[in-house]
$ cat data06.cif   # mmCIF, C-alpha atoms and all ligand atoms
data_target
#
loop_
_atom_site.label_atom_id
_atom_site.label_comp_id
_atom_site.auth_asym_id
_atom_site.auth_seq_id
_atom_site.Cartn_x
_atom_site.Cartn_y
_atom_site.Cartn_z
CA MET A 1 13.40 -18.00 -29.20
CA SER A 2 15.56 -19.79 -26.68
CA ASP A 3 14.21 -21.92 -23.88
CA LEU A 4 15.58 -20.52 -20.61
CA SER A 5 14.10 -22.38 -17.67
CA GLY A 6 10.79 -23.51 -16.27
CA GLY A 7 8.91 -22.75 -19.49
CA ILE A 8 10.16 -19.14 -19.70
CA GLN A 9 10.89 -18.05 -23.25
CA ALA A 10 12.88 -15.02 -24.45
CA SER A 11 11.07 -12.98 -27.11
CA GLY A 12 12.86 -11.27 -30.00
CA GLY A 13 12.86 -8.02 -28.01
CA GLY A 14 14.61 -9.71 -25.12
CA ILE A 15 11.66 -9.39 -22.76
CA LEU A 16 10.98 -12.51 -20.75
CA GLU A 17 7.48 -13.85 -21.20
CA LYS A 18 5.66 -17.05 -20.42
CA LYS A 19 4.18 -18.73 -23.45
CA LYS A 20 0.40 -18.73 -23.78
CA ALA A 21 -0.44 -17.96 -20.15
CA GLY A 22 -1.97 -14.61 -19.28
CA VAL A 23 -0.10 -11.76 -17.57
CA LEU A 24 -0.72 -10.70 -13.98
CA TYR A 25 -0.67 -6.92 -13.53
CA GLY A 26 -0.23 -5.61 -9.97
CA VAL A 27 -1.64 -2.14 -10.38
CA GLY A 28 -1.13 0.69 -7.90
CA LEU A 29 -4.22 2.88 -7.52
CA GLY A 30 -2.86 5.66 -5.33
CA PRO A 31 -4.22 6.63 -1.90
CA GLY A 32 -7.92 6.97 -2.68
CA ASP A 33 -8.76 9.83 -5.03
CA PRO A 34 -9.24 8.09 -8.42
CA GLU A 35 -7.62 11.11 -10.11
CA LEU A 36 -4.34 10.13 -8.44
CA MET A 37 -4.23 6.92 -10.46
CA THR A 38 -1.68 6.64 -13.29
CA LEU A 39 -2.86 6.61 -16.90
CA LYS A 40 -1.38 3.12 -17.24
CA ALA A 41 -3.38 1.81 -14.28
CA ALA A 42 -6.59 3.33 -15.67
CA ARG A 43 -5.95 1.84 -19.12
CA LEU A 44 -5.30 -1.65 -17.74
CA ILE A 45 -8.37 -1.61 -15.49
CA GLY A 46 -10.60 -0.25 -18.26
CA GLY A 47 -9.59 -3.12 -20.55
CA ALA A 48 -9.65 -5.90 -17.97
CA ALA A 49 -11.53 -9.17 -18.44
CA PHE A 50 -10.47 -10.28 -14.94
CA VAL A 51 -9.92 -8.01 -11.95
CA ALA A 52 -8.78 -9.23 -8.54
CA TYR A 53 -8.49 -7.33 -5.27
CA PRO A 54 -8.11 -7.80 -1.52
CA ALA A 55 -11.03 -7.27 0.85
CA LEU A 56 -11.19 -7.70 4.59
CA VAL A 57 -13.38 -10.63 5.62
CA GLY A 58 -16.81 -9.10 6.21
CA GLY A 59 -15.63 -5.71 4.93
CA ALA A 60 -15.53 -3.69 1.76
CA SER A 61 -12.48 -3.34 -0.48
CA LEU A 62 -10.92 0.13 -0.59
CA ALA A 63 -9.01 -0.90 -3.71
CA ARG A 64 -12.18 -1.86 -5.56
CA SER A 65 -13.94 1.33 -4.50
CA ILE A 66 -11.09 3.46 -5.89
CA ALA A 67 -11.26 1.72 -9.27
CA ALA A 68 -15.04 1.14 -9.33
CA ASP A 69 -15.89 3.59 -12.14
CA LEU A 70 -13.29 2.04 -14.45
CA ILE A 71 -14.02 -1.69 -14.01
CA PRO A 72 -15.88 -3.01 -17.08
CA LYS A 73 -19.31 -4.43 -16.23
CA SER A 74 -18.34 -7.60 -18.07
CA ALA A 75 -15.19 -8.19 -15.98
CA ALA A 76 -15.01 -11.29 -13.79
CA GLU A 77 -13.95 -10.43 -10.23
CA ILE A 78 -11.69 -12.46 -7.94
CA VAL A 79 -11.94 -11.35 -4.31
CA VAL A 80 -9.04 -12.27 -2.03
CA LYS A 81 -10.71 -12.27 1.41
CA VAL A 82 -8.06 -11.44 3.98
CA PRO A 83 -8.72 -12.08 7.68
CA MET A 84 -7.39 -9.36 10.05
CA THR A 85 -5.53 -11.59 12.49
CA VAL A 86 -2.17 -11.10 14.15
CA GLU A 87 -1.20 -14.72 13.38
CA ARG A 88 0.10 -15.08 9.83
CA GLY A 89 -1.45 -18.50 9.17
CA PRO A 90 -5.03 -17.47 8.26
CA ALA A 91 -3.81 -14.67 5.94
CA GLN A 92 -1.33 -17.03 4.26
CA MET A 93 -4.17 -19.47 3.61
CA ALA A 94 -6.21 -16.64 2.07
CA TYR A 95 -3.32 -15.67 -0.23
CA ASN A 96 -2.81 -19.32 -1.22
CA LYS A 97 -6.48 -19.52 -2.17
CA GLY A 98 -6.39 -16.18 -4.02
CA ALA A 99 -3.22 -17.19 -5.86
CA ALA A 100 -4.85 -20.45 -6.97
CA LEU A 101 -7.88 -18.61 -8.39
CA ILE A 102 -5.66 -16.09 -10.20
CA ALA A 103 -3.39 -18.88 -11.49
CA ALA A 104 -6.40 -20.68 -12.98
CA ALA A 105 -7.34 -17.57 -14.98
CA LEU A 106 -3.73 -17.01 -16.08
CA GLN A 107 -3.36 -20.64 -17.16
CA ALA A 108 -6.48 -20.22 -19.27
CA GLY A 109 -4.67 -17.41 -21.10
CA GLU A 110 -6.50 -14.53 -19.41
CA ASP A 111 -4.71 -11.43 -18.13
CA VAL A 112 -5.60 -10.51 -14.55
CA VAL A 113 -5.45 -6.96 -13.16
CA TYR A 114 -4.88 -7.00 -9.40
CA LEU A 115 -5.97 -3.74 -7.74
CA CYS A 116 -3.65 -2.37 -5.03
CA GLU A 117 -4.29 0.65 -2.85
CA GLY A 118 -1.28 3.02 -2.99
CA ASP A 119 1.79 1.32 -4.45
CA PRO A 120 1.91 -2.49 -4.77
CA PHE A 121 5.46 -2.84 -3.44
CA PHE A 122 5.11 -0.40 -0.55
CA TYR A 123 3.55 -2.42 2.30
CA GLY A 124 1.12 -3.74 -0.31
CA SER A 125 -0.54 -7.14 0.08
CA PHE A 126 0.10 -7.72 -3.63
CA MET A 127 3.59 -8.81 -2.60
CA TYR A 128 2.17 -12.05 -1.17
CA LEU A 129 0.57 -12.91 -4.51
CA PHE A 130 3.67 -11.81 -6.40
CA ALA A 131 5.78 -14.20 -4.32
CA ARG A 132 3.41 -17.07 -5.07
CA LEU A 133 2.91 -16.43 -8.80
CA GLU A 134 5.97 -14.76 -10.31
CA VAL A 135 7.95 -17.99 -10.71
CA GLU A 136 5.33 -19.49 -12.99
CA PHE A 137 3.75 -16.46 -14.64
CA GLN A 138 4.70 -13.16 -16.19
CA VAL A 139 3.96 -10.41 -13.68
CA GLU A 140 4.10 -6.67 -14.31
CA VAL A 141 3.98 -4.20 -11.44
CA VAL A 142 2.55 -0.74 -12.10
CA PRO A 143 3.68 1.69 -9.39
CA GLY A 144 1.27 4.04 -7.69
CA VAL A 145 1.27 7.17 -5.52
CA THR A 146 2.06 6.01 -1.98
CA SER A 147 0.10 7.06 1.08
CA VAL A 148 3.24 8.76 2.46
CA ALA A 149 3.45 11.01 -0.61
CA ALA A 150 -0.29 11.69 -0.43
CA CYS A 151 -0.27 12.51 3.30
CA ALA A 152 2.66 14.91 2.87
CA ALA A 153 1.02 16.60 -0.11
CA ARG A 154 -2.42 16.90 1.49
CA SER A 155 -0.99 18.23 4.78
CA GLY A 156 1.32 20.69 3.01
CA ARG A 157 4.38 19.32 4.84
CA PRO A 158 7.50 18.78 2.65
CA LEU A 159 9.00 15.52 3.89
CA VAL A 160 12.73 15.68 3.29
CA ALA A 161 15.19 18.15 1.75
CA ARG A 162 18.84 18.02 0.74
CA ASN A 163 20.51 15.10 2.60
CA GLU A 164 17.80 14.58 5.23
CA ARG A 165 16.60 11.04 5.86
CA LEU A 166 13.04 9.78 5.88
CA THR A 167 12.19 6.97 8.30
CA VAL A 168 9.04 4.94 7.74
CA LEU A 169 7.79 3.13 10.84
CA PRO A 170 4.85 0.73 11.25
CA GLY A 171 2.64 1.69 14.21
CA PRO A 172 2.48 -1.91 15.55
CA LEU A 173 6.16 -1.70 16.63
CA ASP A 174 6.49 -1.84 20.39
CA GLU A 175 6.80 1.37 22.39
CA ASP A 176 10.54 1.10 23.09
CA GLU A 177 11.43 0.47 19.47
CA LEU A 178 9.20 3.30 18.26
CA ARG A 179 10.85 5.66 20.77
CA SER A 180 14.43 4.75 19.86
CA ARG A 181 13.80 4.90 16.12
CA ILE A 182 12.02 8.26 16.34
CA GLU A 183 14.79 9.66 18.56
CA GLY A 184 17.44 8.85 15.97
CA ALA A 185 15.39 10.01 12.98
CA GLU A 186 14.77 13.22 11.07
CA SER A 187 11.46 13.07 9.19
CA VAL A 188 9.23 10.17 10.19
CA ALA A 189 6.10 8.67 8.64
CA ILE A 190 4.25 6.35 11.04
CA MET A 191 1.91 4.02 9.17
CA LYS A 192 -0.83 1.60 10.29
CA VAL A 193 -1.79 3.91 13.15
CA GLY A 194 -5.31 2.54 13.81
CA ARG A 195 -5.56 0.95 17.26
CA HIS A 196 -1.94 1.96 18.03
CA LEU A 197 -2.77 5.70 18.16
CA GLY A 198 -2.65 5.95 21.98
CA LYS A 199 0.76 4.24 22.20
CA ILE A 200 2.24 6.35 19.38
CA ARG A 201 0.87 9.56 20.87
CA HIS A 202 2.37 8.62 24.23
CA VAL A 203 5.82 8.10 22.66
CA ILE A 204 5.71 11.37 20.71
CA GLU A 205 4.53 13.30 23.79
CA GLY A 206 7.32 11.74 25.86
CA LEU A 207 9.89 12.92 23.30
CA GLY A 208 8.46 16.46 23.35
CA LEU A 209 7.67 16.31 19.63
CA VAL A 210 3.90 16.83 19.60
CA GLU A 211 4.14 20.23 17.93
CA GLN A 212 5.94 18.73 14.94
CA ALA A 213 3.42 15.95 14.45
CA VAL A 214 0.53 15.93 11.98
CA TYR A 215 -2.29 13.39 11.97
CA VAL A 216 -3.72 12.42 8.56
CA GLU A 217 -6.75 10.19 8.13
CA ARG A 218 -7.95 8.88 4.73
CA ALA A 219 -5.83 11.31 2.69
CA SER A 220 -7.38 12.35 -0.62
CA LEU A 221 -10.73 10.67 0.12
CA PRO A 222 -13.95 12.65 0.75
CA GLU A 223 -13.74 11.75 4.50
CA GLU A 224 -10.16 13.04 4.79
CA LEU A 225 -9.15 14.52 8.16
CA ILE A 226 -5.88 16.42 8.71
CA CYS A 227 -4.97 18.10 11.98
CA PRO A 228 -2.12 18.63 14.46
CA LEU A 229 -1.59 15.44 16.49
CA ALA A 230 -2.61 17.42 19.57
CA ASP A 231 -6.12 17.78 18.09
CA ALA A 232 -6.43 14.22 16.73
CA PRO A 233 -9.46 12.14 17.73
CA GLU A 234 -9.18 9.51 20.45
CA THR A 235 -9.51 6.66 17.96
CA ALA A 236 -8.04 6.30 14.49
CA PRO A 237 -9.09 4.16 11.53
CA TYR A 238 -6.63 1.79 9.85
CA PHE A 239 -6.13 4.27 6.99
CA SER A 240 -4.35 6.90 9.04
CA MET A 241 -0.78 8.12 9.41
CA ILE A 242 1.29 10.45 11.56
CA LEU A 243 3.97 12.60 9.96
CA LEU A 244 6.69 13.94 12.17
CA ILE A 245 8.83 16.54 10.45
CA LYS A 246 12.00 17.16 12.45
CA GLY A 247 14.22 18.18 9.55
CA ALA A 248 15.47 21.70 8.78
CA ASP A 249 13.28 24.29 7.10
CA PRO A 250 13.96 23.79 3.37
CA TRP A 251 14.34 27.56 2.96
CA LEU A 252 17.43 27.63 5.17
C1 LIG B 1 -0.95 -2.01 4.24
S1 LIG B 1 -0.41 -0.34 4.18
C2 LIG B 1 -0.63 -0.03 2.46
C3 LIG B 1 0.24 1.10 1.96
C4 LIG B 1 0.02 1.39 0.50
N1 LIG B 1 0.39 0.26 -0.33
C5 LIG B 1 0.82 2.61 0.05
O1 LIG B 1 1.49 2.56 -0.99
O2 LIG B 1 0.76 3.63 0.71
C6 LIG B 1 -1.76 0.49 4.87
C7 LIG B 1 -1.38 1.75 5.59
O3 LIG B 1 -1.12 2.76 4.63
C8 LIG B 1 -1.52 4.02 5.14
N2 LIG B 1 -2.53 4.60 4.23
C9 LIG B 1 -2.94 4.06 3.09
N3 LIG B 1 -3.81 4.89 2.46
C10 LIG B 1 -3.93 5.97 3.25
C11 LIG B 1 -4.67 7.18 3.15
N4 LIG B 1 -5.46 7.44 2.10
N5 LIG B 1 -4.54 8.09 4.15
C12 LIG B 1 -3.74 7.85 5.21
N6 LIG B 1 -3.01 6.73 5.35
C13 LIG B 1 -3.11 5.80 4.39
C14 LIG B 1 -2.10 3.79 6.53
O4 LIG B 1 -1.09 4.05 7.47
C15 LIG B 1 -2.45 2.32 6.47
O5 LIG B 1 -2.47 1.76 7.75
#

$ encode --input "data06.cif" --output "structure tokens"
Amino acid sequence: MSDLSGGIQASGGGILEKKKAGVLYGVGLGPGDPELMTLKAARLIGGAAFVAYPALVGGASLARSIAADLIPKSAAEIVVKVPMTVERGPAQMAYNKGAALIAAALQAGEDVVYLCEGDPFFYGSFMYLFARLEVEFQVEVVPGVTSVAACAARSGRPLVARNERLTVLPGPLDEDELRSRIEGAESVAIMKVGRHLGKIRHVIEGLGLVEQAVYVERASLPEELICPLADAPETAPYFSMILLIKGADPWL
């Protein structure tokens, strides 16, 4: 073994690992239906001594609910309570606190399985813990089915074919930016719709694209709702998305 830097040691197989400390697994759970979880995610959760997950302050954790049937009764749980504020400060404090709790378990030699809705590296809050912990600890990321893939599959709308481009836009963007990015795009997935539904609908209507737009709420969950944007409810939950398919028919 050769000492590389900061306590990182190279094993015989060439894989970098941190001596003695536990491993942090950032595990993608898919969009909600537990059957859309990978076998690797299910195996890690089923064998976990420590599980960690984000939860909104005063709210339930979608990630925990997806994995609930697999979490061993004996597992210790670390809840990272995230405030829903526009300012970054309170959330950063919450991730600092969560990272400290996870680091304590890792330092004690325990592996920690962090539950992430969808994919950890696709708009996933796991990134904030990864940034805080990966310098000191070994971290493995297990990818998951993203909400974009799930919404396309559940709505029966192929996203992109041949050389078409997919644009992913966050709903909180301001109206002008949404409009210009949609205008120049082919297929579009608009995430984080929630309280931005009215603004997004207004932009899509203004561009004359309502007929190409599908609204998807809680894809793959029992409460799933899928309909043309024209028939969407007045208000949308956070777990909703609009798909706008402007590309060519893949049969052409
Ligand atoms: C913080 S991002 C997390 C994305 C997630 N990591 C992924 O891989 O899809 C949250 C946004 O993902 C979308 N989303 C996640 N799960 C969804 C679902 N089951 N149905 C519809 N949209 C979903 C919504 O747009 C929501 O506002």

$ residues_around --input "data06.cif" --residues "A:Gly194" --least-positions-apart "4" --cutoff "9 Å" --atoms "all atoms listed in the file" --output "ChimeraX atom specification"
/A:171,235-241

$ axis_aligned_box --input "data06.cif" --around "stretch 77-83 of chain A" --padding-each-side "4 Å" --output "AutoDock Vina command-line options"
--center_x -11.0 --center_y -11.4 --center_z -1.3 --size_x 13.9 --size_y 10.0 --size_z 25.9

$ residues_near_ligand --input "data06.cif" --ligand "ligand LIG 1 (chain B)" --cutoff "7 Å" --atoms "only C-alpha atoms and all ligand atoms" --output "ChimeraX atom specification"
/A:30-32,116-125,144-148,151,190-194,216-221,238-241

$ write_last_selection --input "data06.cif" --atoms "C-alpha atoms" --output "mmCIF file, in the coordinates of the input"
data_model
loop_
_atom_site.group_PDB
_atom_site.id
_atom_site.type_symbol
_atom_site.label_atom_id
_atom_site.label_comp_id
_atom_site.auth_asym_id
_atom_site.auth_seq_id
_atom_site.Cartn_x
_atom_site.Cartn_y
_atom_site.Cartn_z
ATOM 1 C CA GLY A 30 -2.860 5.660 -5.330
ATOM 2 C CA PRO A 31 -4.220 6.630 -1.900
ATOM 3 C CA GLY A 32 -7.920 6.970 -2.680
ATOM 4 C CA CYS A 116 -3.650 -2.370 -5.030
ATOM 5 C CA GLU A 117 -4.290 0.650 -2.850
ATOM 6 C CA GLY A 118 -1.280 3.020 -2.990
ATOM 7 C CA ASP A 119 1.790 1.320 -4.450
ATOM 8 C CA PRO A 120 1.910 -2.490 -4.770
ATOM 9 C CA PHE A 121 5.460 -2.840 -3.440
ATOM 10 C CA PHE A 122 5.110 -0.400 -0.550
ATOM 11 C CA TYR A 123 3.550 -2.420 2.300
ATOM 12 C CA GLY A 124 1.120 -3.740 -0.310
ATOM 13 C CA SER A 125 -0.540 -7.140 0.080
ATOM 14 C CA GLY A 144 1.270 4.040 -7.690
ATOM 15 C CA VAL A 145 1.270 7.170 -5.520
ATOM 16 C CA THR A 146 2.060 6.010 -1.980
ATOM 17 C CA SER A 147 0.100 7.060 1.080
ATOM 18 C CA VAL A 148 3.240 8.760 2.460
ATOM 19 C CA CYS A 151 -0.270 12.510 3.300
ATOM 20 C CA ILE A 190 4.250 6.350 11.040
ATOM 21 C CA MET A 191 1.910 4.020 9.170
ATOM 22 C CA LYS A 192 -0.830 1.600 10.290
ATOM 23 C CA VAL A 193 -1.790 3.910 13.150
ATOM 24 C CA GLY A 194 -5.310 2.540 13.810
ATOM 25 C CA VAL A 216 -3.720 12.420 8.560
ATOM 26 C CA GLU A 217 -6.750 10.190 8.130
ATOM 27 C CA ARG A 218 -7.950 8.880 4.730
ATOM 28 C CA ALA A 219 -5.830 11.310 2.690
ATOM 29 C CA SER A 220 -7.380 12.350 -0.620
ATOM 30 C CA LEU A 221 -10.730 10.670 0.120
ATOM 31 C CA TYR A 238 -6.630 1.790 9.850
ATOM 32 C CA PHE A 239 -6.130 4.270 6.990
ATOM 33 C CA SER A 240 -4.350 6.900 9.040
ATOM 34 C CA MET A 241 -0.780 8.120 9.410
#

$ residues_around --input "data06.cif" --residues "A:Leu209" --least-positions-apart "6" --cutoff "9 Å" --atoms "all atoms listed in the file" --output "VMD selection string"
chain A and resid 203 244 246

$ atom_distance --input "data06.cif" --atom1 "atom CA of A:Val82" --atom2 "atom CA of A:Ala99"
12.4 Å
